[in-house]
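Enquirer: query.cif is reproduced in full below (mmCIF, C-alpha atoms and all ligand atoms).
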```cif
data_work
loop_
_atom_site.label_atom_id
_atom_site.label_comp_id
_atom_site.auth_asym_id
_atom_site.auth_seq_id
_atom_site.Cartn_x
_atom_site.Cartn_y
_atom_site.Cartn_z
CA PHE A 872 -2.12 -10.77 -20.01
CA ASN A 873 -2.45 -14.16 -18.43
CA LEU A 874 -3.76 -14.03 -14.92
CA GLU A 875 -3.02 -17.64 -14.17
CA ASN A 876 0.67 -17.17 -14.92
CA ASP A 877 0.73 -13.83 -13.15
CA ILE A 878 -0.75 -15.32 -10.01
CA ARG A 879 1.57 -18.31 -10.05
CA ARG A 880 4.52 -16.00 -10.47
CA ALA A 881 3.21 -13.75 -7.73
CA ILE A 882 3.01 -16.65 -5.28
CA GLU A 883 6.48 -17.90 -6.23
CA ASN A 884 8.05 -14.44 -6.08
CA GLY A 885 6.39 -13.57 -2.81
CA GLU A 886 4.42 -10.71 -4.36
CA PHE A 887 1.35 -11.39 -2.25
CA VAL A 888 1.38 -9.92 1.22
CA LEU A 889 -1.05 -10.05 4.08
CA TYR A 890 -2.29 -7.00 5.92
CA TYR A 891 -3.95 -7.38 9.28
CA GLN A 892 -6.87 -5.47 10.73
CA PRO A 893 -7.45 -5.71 14.47
CA GLN A 894 -10.82 -6.51 16.01
CA ILE A 895 -11.26 -4.56 19.22
CA ASN A 896 -13.18 -5.28 22.40
CA THR A 897 -14.34 -1.74 23.16
CA ASP A 898 -14.88 -2.51 26.87
CA ASN A 899 -11.11 -2.40 27.39
CA ASN A 900 -9.72 -1.53 23.93
CA GLU A 901 -7.95 -4.88 23.70
CA ILE A 902 -7.34 -6.67 20.43
CA VAL A 903 -9.42 -9.84 20.50
CA GLY A 904 -8.88 -10.97 16.92
CA VAL A 905 -7.33 -9.98 13.65
CA GLU A 906 -8.48 -10.33 10.03
CA ALA A 907 -5.90 -11.19 7.37
CA LEU A 908 -6.48 -9.33 4.10
CA ILE A 909 -4.45 -10.01 0.99
CA ARG A 910 -2.72 -7.40 -1.17
CA TRP A 911 -0.74 -7.91 -4.33
CA ASN A 912 2.56 -6.09 -4.22
CA ASP A 913 3.10 -5.95 -7.96
CA PRO A 914 6.65 -4.87 -8.89
CA ILE A 915 5.24 -2.44 -11.44
CA LYS A 916 1.79 -1.45 -10.22
CA GLY A 917 2.60 -1.39 -6.52
CA LEU A 918 0.03 -2.49 -3.91
CA VAL A 919 -3.03 -3.83 -5.72
CA SER A 920 -6.30 -4.11 -3.81
CA PRO A 921 -7.94 -7.55 -3.68
CA SER A 922 -11.11 -6.08 -5.13
CA HIS A 923 -9.16 -5.85 -8.41
CA PHE A 924 -8.00 -9.44 -8.63
CA ILE A 925 -10.12 -11.60 -6.29
CA PRO A 926 -13.21 -11.59 -8.54
CA ILE A 927 -11.12 -12.62 -11.57
CA ALA A 928 -9.27 -15.19 -9.51
CA GLU A 929 -12.60 -16.60 -8.35
CA GLU A 930 -13.78 -17.05 -11.91
CA SER A 931 -10.60 -18.72 -13.08
CA GLY A 932 -10.22 -20.95 -10.03
CA MET A 933 -6.86 -19.42 -9.12
CA ILE A 934 -8.52 -18.23 -5.93
CA ILE A 935 -7.84 -21.66 -4.46
CA ASP A 936 -4.06 -21.36 -4.83
CA ILE A 937 -4.21 -17.79 -3.57
CA GLU A 938 -6.28 -18.63 -0.52
CA ASN A 939 -4.23 -21.71 0.31
CA TRP A 940 -1.30 -19.33 0.47
CA VAL A 941 -3.36 -16.91 2.58
CA ILE A 942 -4.45 -19.55 5.09
CA LYS A 943 -0.95 -20.98 5.45
CA SER A 944 0.66 -17.55 5.81
CA ALA A 945 -1.95 -16.33 8.29
CA CYS A 946 -1.56 -19.43 10.47
CA GLU A 947 2.24 -19.16 10.31
CA GLN A 948 2.10 -15.52 11.29
CA ASN A 949 -0.28 -16.14 14.16
CA LYS A 950 1.89 -18.99 15.43
CA ALA A 951 4.96 -16.74 15.19
CA TRP A 952 3.21 -14.04 17.26
CA GLN A 953 2.26 -16.65 19.85
CA ASN A 954 5.85 -17.90 19.96
CA GLU A 955 6.94 -14.32 20.70
CA GLY A 956 4.73 -14.43 23.79
CA LEU A 957 2.11 -12.08 22.38
CA PRO A 958 -1.53 -12.51 23.43
CA LYS A 959 -3.17 -15.53 21.82
CA ILE A 960 -5.99 -14.41 19.54
CA PRO A 961 -7.77 -15.96 16.57
CA ILE A 962 -6.79 -14.92 13.06
CA SER A 963 -9.57 -14.64 10.47
CA VAL A 964 -9.22 -15.52 6.82
CA ASN A 965 -11.75 -14.96 4.05
CA LEU A 966 -12.73 -18.12 2.25
CA SER A 967 -14.40 -17.80 -1.14
CA THR A 968 -17.45 -19.92 -1.85
CA ARG A 969 -15.64 -21.72 -4.60
CA HIS A 970 -12.87 -22.72 -2.21
CA PHE A 971 -15.26 -23.60 0.59
CA LEU A 972 -17.02 -26.03 -1.75
CA GLN A 973 -13.82 -27.90 -2.67
CA PRO A 974 -14.16 -31.54 -1.62
CA ASN A 975 -10.79 -31.46 0.18
CA ILE A 976 -11.21 -28.19 2.07
CA VAL A 977 -11.32 -29.82 5.51
CA GLU A 978 -8.21 -31.90 4.80
CA MET A 979 -6.46 -28.80 3.50
CA VAL A 980 -7.21 -26.81 6.66
CA THR A 981 -6.23 -29.78 8.83
CA GLN A 982 -2.92 -30.02 7.03
CA VAL A 983 -2.15 -26.31 7.40
CA LEU A 984 -2.84 -26.48 11.13
CA GLU A 985 -0.53 -29.48 11.43
CA GLU A 986 2.23 -27.88 9.37
CA THR A 987 2.13 -24.59 11.21
CA GLY A 988 1.43 -25.98 14.69
CA LEU A 989 -1.35 -23.45 15.25
CA ALA A 990 -4.08 -24.69 17.59
CA PRO A 991 -7.39 -24.82 15.70
CA GLN A 992 -9.25 -22.37 17.95
CA PHE A 993 -6.88 -19.63 16.74
CA LEU A 994 -8.06 -19.92 13.16
CA ASN A 995 -11.34 -18.28 12.17
CA ILE A 996 -12.80 -18.87 8.73
CA GLU A 997 -15.03 -16.16 7.29
CA ILE A 998 -17.62 -17.25 4.78
CA THR A 999 -20.30 -15.19 3.08
CA GLU A 1000 -23.97 -15.80 2.66
CA SER A 1001 -23.68 -16.11 -1.10
CA MET A 1002 -22.81 -19.68 -0.29
CA SER A 1003 -26.35 -20.83 -0.54
CA VAL A 1004 -25.69 -23.00 -3.60
CA ASP A 1005 -25.74 -26.32 -1.85
CA ILE A 1006 -26.90 -25.81 1.69
CA ASP A 1007 -26.65 -29.46 2.81
CA ARG A 1008 -23.10 -29.70 1.59
CA ALA A 1009 -22.26 -26.41 3.27
CA ILE A 1010 -23.66 -27.67 6.57
CA THR A 1011 -21.69 -30.92 6.34
CA THR A 1012 -18.46 -29.03 5.68
CA LEU A 1013 -19.14 -26.56 8.49
CA GLN A 1014 -19.81 -29.41 10.89
CA LYS A 1015 -16.48 -30.99 9.99
CA LEU A 1016 -14.66 -27.70 10.44
CA LYS A 1017 -16.36 -27.18 13.78
CA LYS A 1018 -15.32 -30.68 14.86
CA LEU A 1019 -11.77 -29.83 13.84
CA GLY A 1020 -12.02 -26.93 16.29
CA VAL A 1021 -11.72 -23.91 14.01
CA GLN A 1022 -14.10 -20.97 14.38
CA ILE A 1023 -16.53 -19.89 11.68
CA SER A 1024 -17.89 -16.40 11.01
CA ILE A 1025 -20.50 -15.22 8.57
CA ASP A 1026 -18.99 -12.21 6.84
CA ASP A 1027 -20.95 -9.30 5.33
CA PHE A 1028 -23.99 -10.45 7.29
CA GLY A 1029 -27.26 -9.07 6.02
CA THR A 1030 -26.22 -8.56 2.42
CA GLY A 1031 -26.84 -12.08 1.14
CA TYR A 1032 -30.15 -13.83 1.02
CA SER A 1033 -31.87 -16.34 3.33
CA SER A 1034 -29.70 -15.17 6.21
CA LEU A 1035 -32.09 -16.49 8.79
CA ASN A 1036 -32.07 -19.89 7.23
CA TYR A 1037 -28.30 -19.92 7.64
CA LEU A 1038 -28.54 -18.89 11.23
CA LYS A 1039 -30.94 -21.67 11.94
CA ASN A 1040 -28.90 -24.38 10.27
CA PHE A 1041 -25.24 -23.43 10.24
CA PRO A 1042 -22.91 -24.35 13.09
CA ILE A 1043 -21.17 -20.97 13.35
CA HIS A 1044 -19.59 -18.83 16.05
CA LYS A 1045 -19.76 -15.22 14.87
CA LEU A 1046 -21.72 -12.79 12.76
CA LYS A 1047 -20.03 -9.82 11.14
CA ILE A 1048 -22.47 -7.01 10.47
CA ASP A 1049 -21.77 -5.69 7.00
CA ARG A 1050 -20.28 -2.23 6.93
CA SER A 1051 -22.99 -0.95 4.58
CA PHE A 1052 -25.41 -1.03 7.55
CA VAL A 1053 -22.93 0.57 9.93
CA ARG A 1054 -22.03 3.44 7.62
CA ASP A 1055 -25.26 5.44 7.99
CA ILE A 1056 -26.26 4.19 11.41
CA LYS A 1057 -26.57 7.77 12.72
CA LYS A 1058 -28.44 9.13 9.70
CA ASN A 1059 -30.70 6.35 8.61
CA PRO A 1060 -33.20 4.98 11.14
CA ASN A 1061 -33.68 1.85 9.04
CA ASP A 1062 -29.99 1.03 9.22
CA ALA A 1063 -30.02 1.72 12.94
CA ALA A 1064 -32.98 -0.61 13.40
CA ILE A 1065 -31.39 -3.35 11.30
CA VAL A 1066 -28.13 -3.16 13.21
CA SER A 1067 -29.71 -3.26 16.66
CA THR A 1068 -31.88 -6.16 15.54
CA ILE A 1069 -28.92 -8.15 14.21
CA ILE A 1070 -27.06 -7.58 17.48
CA SER A 1071 -29.98 -8.68 19.57
CA MET A 1072 -30.63 -11.71 17.39
CA ALA A 1073 -26.98 -12.74 17.60
CA HIS A 1074 -27.10 -12.56 21.38
CA HIS A 1075 -30.26 -14.65 21.53
CA LEU A 1076 -28.61 -17.24 19.32
CA ASN A 1077 -25.46 -17.23 21.46
CA LEU A 1078 -23.35 -15.92 18.61
CA GLU A 1079 -20.59 -13.40 18.91
CA VAL A 1080 -21.28 -10.28 16.87
CA ILE A 1081 -18.71 -7.98 15.26
CA ALA A 1082 -19.50 -4.66 13.60
CA GLU A 1083 -17.45 -3.91 10.49
CA GLY A 1084 -16.50 -0.58 9.01
CA VAL A 1085 -16.65 1.46 12.22
CA GLU A 1086 -15.21 4.85 11.35
CA SER A 1087 -16.53 7.25 13.97
CA ALA A 1088 -17.12 7.69 17.69
CA GLU A 1089 -20.82 8.24 16.92
CA GLN A 1090 -21.13 4.88 15.20
CA LEU A 1091 -19.25 3.26 18.05
CA SER A 1092 -21.49 4.73 20.71
CA TYR A 1093 -24.60 3.53 18.90
CA LEU A 1094 -23.11 0.04 18.70
CA ASN A 1095 -22.05 0.04 22.33
CA ASN A 1096 -25.45 1.30 23.46
CA ASN A 1097 -26.93 -1.60 21.60
CA ARG A 1098 -24.56 -4.05 23.27
CA CYS A 1099 -22.20 -4.70 20.41
CA LYS A 1100 -18.72 -4.39 21.89
CA ILE A 1101 -16.48 -6.01 19.30
CA VAL A 1102 -15.72 -3.82 16.33
CA GLN A 1103 -13.43 -3.55 13.35
CA GLY A 1104 -12.82 -0.41 11.34
CA TYR A 1105 -10.75 2.64 10.51
CA PHE A 1106 -11.81 4.31 13.79
CA PHE A 1107 -9.40 1.94 15.52
CA SER A 1108 -7.11 0.87 12.71
CA PRO A 1109 -7.00 0.20 8.98
CA PRO A 1110 -5.45 -3.08 7.86
CA VAL A 1111 -1.72 -2.77 8.69
CA THR A 1112 1.48 -4.74 8.10
CA ALA A 1113 2.46 -7.69 10.27
CA GLN A 1114 5.10 -5.57 11.94
CA GLN A 1115 2.66 -2.78 12.78
CA LEU A 1116 0.12 -5.28 14.09
CA GLN A 1117 2.80 -6.86 16.26
CA LEU A 1118 3.47 -3.47 17.88
CA LYS A 1119 -0.22 -3.10 18.63
CA LEU A 1120 -0.31 -6.59 20.18
CA LEU A 1121 2.69 -5.72 22.35
CA LYS A 1122 0.68 -2.88 23.88
CA ASN A 1123 -2.10 -5.38 24.53
CA ASN A 1124 0.18 -7.46 26.73
O1 LIG B 1201 -8.84 -5.05 2.29
P1 LIG B 1201 -9.81 -4.59 1.24
O2 LIG B 1201 -10.91 -3.70 1.72
O3 LIG B 1201 -9.15 -3.93 0.08
O4 LIG B 1201 -10.49 -5.92 0.65
C1 LIG B 1201 -11.39 -5.87 -0.38
C2 LIG B 1201 -12.13 -7.17 -0.44
O5 LIG B 1201 -11.23 -8.26 -0.68
C3 LIG B 1201 -12.88 -7.50 0.86
O6 LIG B 1201 -14.20 -7.84 0.53
C4 LIG B 1201 -12.15 -8.69 1.40
O7 LIG B 1201 -13.03 -9.58 2.04
C5 LIG B 1201 -11.58 -9.32 0.15
N1 LIG B 1201 -10.43 -10.16 0.47
C6 LIG B 1201 -9.27 -9.84 1.05
N2 LIG B 1201 -8.48 -10.93 1.20
C7 LIG B 1201 -9.20 -11.98 0.72
C8 LIG B 1201 -8.96 -13.39 0.58
O8 LIG B 1201 -7.91 -13.92 0.99
N3 LIG B 1201 -9.94 -14.13 0.01
C9 LIG B 1201 -11.10 -13.57 -0.42
N4 LIG B 1201 -12.01 -14.38 -0.99
N5 LIG B 1201 -11.37 -12.27 -0.32
C10 LIG B 1201 -10.43 -11.49 0.24
O1 LIG B 1202 -15.53 -8.05 2.87
P1 LIG B 1202 -14.70 -7.97 4.09
O2 LIG B 1202 -15.51 -7.72 5.29
O3 LIG B 1202 -13.74 -9.10 4.30
O4 LIG B 1202 -13.86 -6.67 3.85
C1 LIG B 1202 -12.94 -6.16 4.67
C2 LIG B 1202 -12.58 -4.90 3.96
O5 LIG B 1202 -13.12 -3.74 4.57
C3 LIG B 1202 -11.10 -4.71 3.91
O6 LIG B 1202 -10.75 -4.56 2.60
C4 LIG B 1202 -10.85 -3.43 4.64
O7 LIG B 1202 -9.84 -2.67 4.01
C5 LIG B 1202 -12.18 -2.71 4.57
N1 LIG B 1202 -12.41 -1.89 5.74
C6 LIG B 1202 -12.01 -2.17 6.99
N2 LIG B 1202 -12.39 -1.20 7.86
C7 LIG B 1202 -13.06 -0.28 7.13
C8 LIG B 1202 -13.71 0.94 7.47
O8 LIG B 1202 -13.75 1.39 8.61
N3 LIG B 1202 -14.30 1.60 6.45
C9 LIG B 1202 -14.30 1.13 5.17
N4 LIG B 1202 -14.91 1.85 4.24
N5 LIG B 1202 -13.70 -0.02 4.82
C10 LIG B 1202 -13.09 -0.74 5.79
MN MN B 1203 -13.95 -10.45 5.93
NA NA B 1204 -17.28 -7.92 5.38
#
```
Represent the supplied structure as structure tokens.

Expert:
Amino acid sequence: FNLENDIRRAIENGEFVLYYQPQINTDNNEIVGVEALIRWNDPIKGLVSPSHFIPIAEESGMIIDIENWVIKSACEQNKAWQNEGLPKIPISVNLSTRHFLQPNIVEMVTQVLEETGLAPQFLNIEITESMSVDIDRAITTLQKLKKLGVQISIDDFGTGYSSLNYLKNFPIHKLKIDRSFVRDIKKNPNDAAIVSTIISMAHHLNLEVIAEGVESAEQLSYLNNNRCKIVQGYFFSPPVTAQQLQLKLLKNN
């Protein structure tokens, strides 16, 4: 078992695939964004969830090759959809902390945008709060990315630490409320309070807010009543193939 070789082979053989989960504006049920999520289509094991290989890839550093493939493929796909005349929406990719802290990350993103011809505002980079390691460096990188014109989201918001410090200092566009808070929104008053507070704080800070993991009409109505209108979750759609997402976008038109 050699993960490094396996991953290299997987990239070369096209064993990685992207699935896409729509983000919905619940005012009109339109798709306003899409998150690209990697899967490993192993010839023997079948579709392998990222939770099985991303943590190992992060440790070994292979995550950088994987995510460079993800970013390039996601931008290519989004550009292809735009060329088909489908609605222009941003595509989100997850960037690991390790990758985010690479000295050449801004150049890498710049190059992918050039190669694929995707306008920067249609790429959204999701980072997590575990990024605290070197806050000044993180801010500098985020400022460069912002200048480049790409969007930035904080993913899994509320599960890391010093969240408020990030909000104060990071040039970001969106907050994604972690699905662990959304799950019990109707049962647990603390979760409900946390979610409504995050939404309200995001609005005061002029940030867009997205709720993750929305699975039921009850969760949705709580979110809507608390003025969160952009959601992602199984209630609308699981992550689907590019082809399936394209059909959904067609209906958006
Ligand atoms: O899609 P699924 O729920 O199986 O994803 C499991 C986890 O894998 C999620 O936390 C998701 O953010 C993560 N993930 C999916 N694609 C990527 C990726 O390209 N990079 C990183 N770092 N994480 C990813
Ligand atoms: O960590 P991140 O937010 O990037 O994770 C996205 C992951 O959440 C994806 O792996 C996706 O499969 C999963 N996911 C998306 N919608 C739902 C949902 O409604 N419920 C649950 N349990 N997981 C979801
Ligand atoms: Mn994410
Ligand atoms: Na998340």

Enquirer: Which residues are near ligand LIG 1202 (chain B) - at most 6 Å, using only C-alpha atoms and all ligand atoms? Format: as a PyMOL selection string.

Expert: chain A and resi 1026-1027+1084-1086+1104-1105+1109-1110

Enquirer: Neighbouring residues of ligand LIG 1201 (chain B) are defined here as those with any atom at most 6 Å from a ligand atom, counting all atoms listed in the file; list them as a short mmCIF file (atom, residue, chain, number, x, y, z; two decimals) with C-alpha atoms, in the coordinates of the input.

Expert:
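Once written, part37.cif looks like this:
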```cif
data_model
loop_
_atom_site.label_atom_id
_atom_site.label_comp_id
_atom_site.auth_asym_id
_atom_site.auth_seq_id
_atom_site.Cartn_x
_atom_site.Cartn_y
_atom_site.Cartn_z
CA LEU A 908 -6.48 -9.33 4.10
CA ILE A 909 -4.45 -10.01 0.99
CA SER A 920 -6.30 -4.11 -3.81
CA PRO A 921 -7.94 -7.55 -3.68
CA SER A 922 -11.11 -6.08 -5.13
CA GLU A 938 -6.28 -18.63 -0.52
CA VAL A 941 -3.36 -16.91 2.58
CA ASN A 965 -11.75 -14.96 4.05
CA LEU A 966 -12.73 -18.12 2.25
CA SER A 967 -14.40 -17.80 -1.14
#
```

Enquirer: Neighbours of ligand NA 1204 (chain B) within 9 Å, counting only C-alpha atoms and all ligand atoms, as a compact mmCIF listing (two decimals) with C-alpha atoms, in the coordinates of the input?

Expert:
```
# COMPACT_ATOMS: atom_id res chain seq x y z
CA GLU A 997 -15.03 -16.16 7.29
CA THR A 999 -20.30 -15.19 3.08
CA ILE A 1025 -20.50 -15.22 8.57
CA ASP A 1026 -18.99 -12.21 6.84
CA ASP A 1027 -20.95 -9.30 5.33
CA PHE A 1028 -23.99 -10.45 7.29
CA LYS A 1047 -20.03 -9.82 11.14
CA ILE A 1048 -22.47 -7.01 10.47
CA ASP A 1049 -21.77 -5.69 7.00
CA ARG A 1050 -20.28 -2.23 6.93
CA GLU A 1083 -17.45 -3.91 10.49
CA GLY A 1084 -16.50 -0.58 9.01
```

Enquirer: List the neighbours of Met979 in chain A out to 12 Å using all atoms listed in the file; skip same-chain residues closer than 3 positions along the sequence, and give me the result as a PyMOL selection string.

Expert: chain A and resi 935-936+938-940+942-943+970-971+973-976+982-986+1016+1019

Enquirer: Please provide the set of residues having any atom within 12 Å of Gly1020 in chain A, restricted to only C-alpha atoms, with same-chain residues fewer than 2 positions apart removed, written as an MDAnalysis selection string.

Expert: chainID A and resid 961 977 980:981 984 989:996 1013:1018 1022:1023 1042:1044

Enquirer: Counting all atoms listed in the file, which of A:Arg969, A:Lys1100, A:Lys1039, A:Lys1045 gets nearest to ligand MN 1203 (chain B)?

Expert: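 Of the candidates, the smallest distance to ligand MN 1203 (chain B) is held by A:Lys1045.
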
Enquirer: Between A:Thr1030, A:Thr1112, A:Ser931, A:Thr987, single out the one closest to Asn949 in chain A, counting only C-alpha atoms.

Expert: A:Thr987

Enquirer: Check the smallest atom-to-atom distance from each of A:Val1102, A:Val1080, A:Leu874, A:Ala1073 to Pro926 in chain A using all atoms listed in the file, then report the winner.

Expert: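 The closest residue to Pro926 in chain A is A:Leu874.
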
Enquirer: Edge lengths and centre, in Å to one decimal, as lines of an AutoDock Vina configuration file: that's what I need for the box along x, y and z that holds all listed atoms of range 1048-1052 of chain A plus 8 Å on each side.

Expert:
```
center_x = -22.8
center_y = -4.0
center_z = 7.5
size_x = 21.1
size_y = 22.1
size_z = 21.9
```

Enquirer: Please identify all polymer residues within 10 Å of Ser1108 in chain A, counting all atoms listed in the file, omitting same-chain residues fewer than 5 positions from it, and present them as a ChimeraX atom specification.

Expert: /A:891-895,1085-1086,1103,1116,1119

Enquirer: For the selection just defined, write its residues with C-alpha atoms to a file, as a PDB file, in the frame of the given file.

Expert:
```
ATOM      1  CA  TYR A 891      -3.950  -7.380   9.280  1.00  0.00           C
ATOM      2  CA  GLN A 892      -6.870  -5.470  10.730  1.00  0.00           C
ATOM      3  CA  PRO A 893      -7.450  -5.710  14.470  1.00  0.00           C
ATOM      4  CA  GLN A 894     -10.820  -6.510  16.010  1.00  0.00           C
ATOM      5  CA  ILE A 895     -11.260  -4.560  19.220  1.00  0.00           C
ATOM      6  CA  VAL A1085     -16.650   1.460  12.220  1.00  0.00           C
ATOM      7  CA  GLU A1086     -15.210   4.850  11.350  1.00  0.00           C
ATOM      8  CA  GLN A1103     -13.430  -3.550  13.350  1.00  0.00           C
ATOM      9  CA  LEU A1116       0.120  -5.280  14.090  1.00  0.00           C
ATOM     10  CA  LYS A1119      -0.220  -3.100  18.630  1.00  0.00           C
TER      11      LYS A1119
END
```

Enquirer: Find the spatial neighbours of Val1066 in chain A, counting only C-alpha atoms, within a cut-off of 9 Å - ignore same-chain residues fewer than 6 positions away - and output them as a compact mmCIF listing (two decimals) with C-alpha atoms, in the coordinates of the input.

Expert:
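Output (part_27.txt):
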```txt
# COMPACT_ATOMS: atom_id res chain seq x y z
CA ILE A 1048 -22.47 -7.01 10.47
CA PHE A 1052 -25.41 -1.03 7.55
CA VAL A 1053 -22.93 0.57 9.93
CA ILE A 1056 -26.26 4.19 11.41
CA ALA A 1082 -19.50 -4.66 13.60
CA LEU A 1094 -23.11 0.04 18.70
CA ASN A 1097 -26.93 -1.60 21.60
```

Enquirer: What is the distance between CA of Phe924 in chain A and CA of Ala1113 in chain A, in Å to one decimal?

Expert: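 CA of Phe924 in chain A sits 21.7 Å away from CA of Ala1113 in chain A.
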
Enquirer: Using only C-alpha atoms and all ligand atoms, which residue out of A:Asn896, A:Ser1024, A:Gln1117, A:Thr1011 lies closest to ligand MN 1203 (chain B)?

Expert: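 The shortest atom-to-atom distance to ligand MN 1203 (chain B) comes from A:Ser1024.
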
Enquirer: Using only C-alpha atoms and all ligand atoms, pick whichever of A:Ile960, A:His923, A:Leu1046, A:Lys1057 has the shortest atom-to-atom distance to ligand MN 1203 (chain B).

Expert: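 So, comparing all the options, the nearest one is A:Leu1046.
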
Enquirer: With distances taken over all atoms listed in the file, which residue among A:Leu957, A:Val964, A:Ile902, A:Ile915 lies nearest ligand MN 1203 (chain B)?

Expert: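 Of A:Leu957, A:Val964, A:Ile902, A:Ile915, the one nearest ligand MN 1203 (chain B), counting all atoms listed in the file, is A:Val964.
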
Enquirer: Name the residues within 8 Å of (0.9, -11.0, -2.7), counting all atoms listed in the file in the file's coordinates, and put them as a CSV table (one decimal) with C-alpha atoms, in the frame of the given file.

Expert:
```
chain,number,residue,atom,x,y,z
A,881,ALA,CA,3.2,-13.8,-7.7
A,882,ILE,CA,3.0,-16.6,-5.3
A,885,GLY,CA,6.4,-13.6,-2.8
A,886,GLU,CA,4.4,-10.7,-4.4
A,887,PHE,CA,1.4,-11.4,-2.2
A,888,VAL,CA,1.4,-9.9,1.2
A,889,LEU,CA,-1.0,-10.0,4.1
A,909,ILE,CA,-4.4,-10.0,1.0
A,910,ARG,CA,-2.7,-7.4,-1.2
A,911,TRP,CA,-0.7,-7.9,-4.3
A,912,ASN,CA,2.6,-6.1,-4.2
A,913,ASP,CA,3.1,-6.0,-8.0
```

Enquirer: Could you jot down the CA of Ile1070 in chain A to CA of Cys1099 in chain A separation for me, Å, one decimal place?

Expert: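 CA of Cys1099 in chain A lies 6.4 Å from CA of Ile1070 in chain A.
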
Enquirer: Just to confirm, what's the straight-line distance from CA of Phe1041 in chain A to CA of Ile1010 in chain A in Å (one decimal)?

Expert: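 Those two atoms sit 5.8 Å apart.
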
Enquirer: At the level of C-alpha atoms, write range 1031-1076 of chain A to a file as an mmCIF file, in the first residue's frame, please.

Expert:
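The result, written out as out_34.cif:
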```cif
data_model
loop_
_atom_site.group_PDB
_atom_site.id
_atom_site.type_symbol
_atom_site.label_atom_id
_atom_site.label_comp_id
_atom_site.auth_asym_id
_atom_site.auth_seq_id
_atom_site.Cartn_x
_atom_site.Cartn_y
_atom_site.Cartn_z
ATOM 1 C CA GLY A 1031 -13.153 25.880 14.725
ATOM 2 C CA TYR A 1032 -11.823 28.253 17.304
ATOM 3 C CA SER A 1033 -11.421 32.051 17.406
ATOM 4 C CA SER A 1034 -14.114 32.402 14.765
ATOM 5 C CA LEU A 1035 -14.820 35.977 15.701
ATOM 6 C CA ASN A 1036 -11.211 36.894 15.330
ATOM 7 C CA TYR A 1037 -11.358 35.577 11.781
ATOM 8 C CA LEU A 1038 -14.465 37.528 11.029
ATOM 9 C CA LYS A 1039 -12.842 40.682 12.233
ATOM 10 C CA ASN A 1040 -9.655 40.256 10.257
ATOM 11 C CA PHE A 1041 -10.278 38.104 7.210
ATOM 12 C CA PRO A 1042 -11.349 39.595 3.894
ATOM 13 C CA ILE A 1043 -14.058 37.039 3.111
ATOM 14 C CA HIS A 1044 -17.401 36.954 1.316
ATOM 15 C CA LYS A 1045 -19.407 34.095 2.810
ATOM 16 C CA LEU A 1046 -19.966 32.066 5.939
ATOM 17 C CA LYS A 1047 -21.151 28.482 5.738
ATOM 18 C CA ILE A 1048 -22.930 27.418 8.901
ATOM 19 C CA ASP A 1049 -21.699 23.960 9.802
ATOM 20 C CA ARG A 1050 -24.266 21.243 9.383
ATOM 21 C CA SER A 1051 -23.808 20.039 12.965
ATOM 22 C CA PHE A 1052 -25.705 23.168 14.112
ATOM 23 C CA VAL A 1053 -28.404 22.789 11.475
ATOM 24 C CA ARG A 1054 -29.096 19.132 12.196
ATOM 25 C CA ASP A 1055 -30.941 19.600 15.513
ATOM 26 C CA ILE A 1056 -32.205 23.108 14.915
ATOM 27 C CA LYS A 1057 -35.793 22.028 15.678
ATOM 28 C CA LYS A 1058 -34.939 19.970 18.757
ATOM 29 C CA ASN A 1059 -32.159 21.823 20.445
ATOM 30 C CA PRO A 1060 -32.792 25.437 21.479
ATOM 31 C CA ASN A 1061 -29.059 26.044 21.818
ATOM 32 C CA ASP A 1062 -28.460 25.066 18.207
ATOM 33 C CA ALA A 1063 -31.382 27.224 17.138
ATOM 34 C CA ALA A 1064 -29.960 30.178 19.051
ATOM 35 C CA ILE A 1065 -26.482 29.671 17.623
ATOM 36 C CA VAL A 1066 -27.781 29.464 14.071
ATOM 37 C CA SER A 1067 -29.956 32.566 14.294
ATOM 38 C CA THR A 1068 -27.061 34.443 15.883
ATOM 39 C CA ILE A 1069 -24.612 33.427 13.151
ATOM 40 C CA ILE A 1070 -27.104 34.531 10.497
ATOM 41 C CA SER A 1071 -27.680 37.867 12.132
ATOM 42 C CA MET A 1072 -23.971 38.431 12.680
ATOM 43 C CA ALA A 1073 -23.232 37.607 9.041
ATOM 44 C CA HIS A 1074 -25.797 40.149 7.897
ATOM 45 C CA HIS A 1075 -24.372 42.837 10.159
ATOM 46 C CA LEU A 1076 -20.928 42.132 8.750
#
```
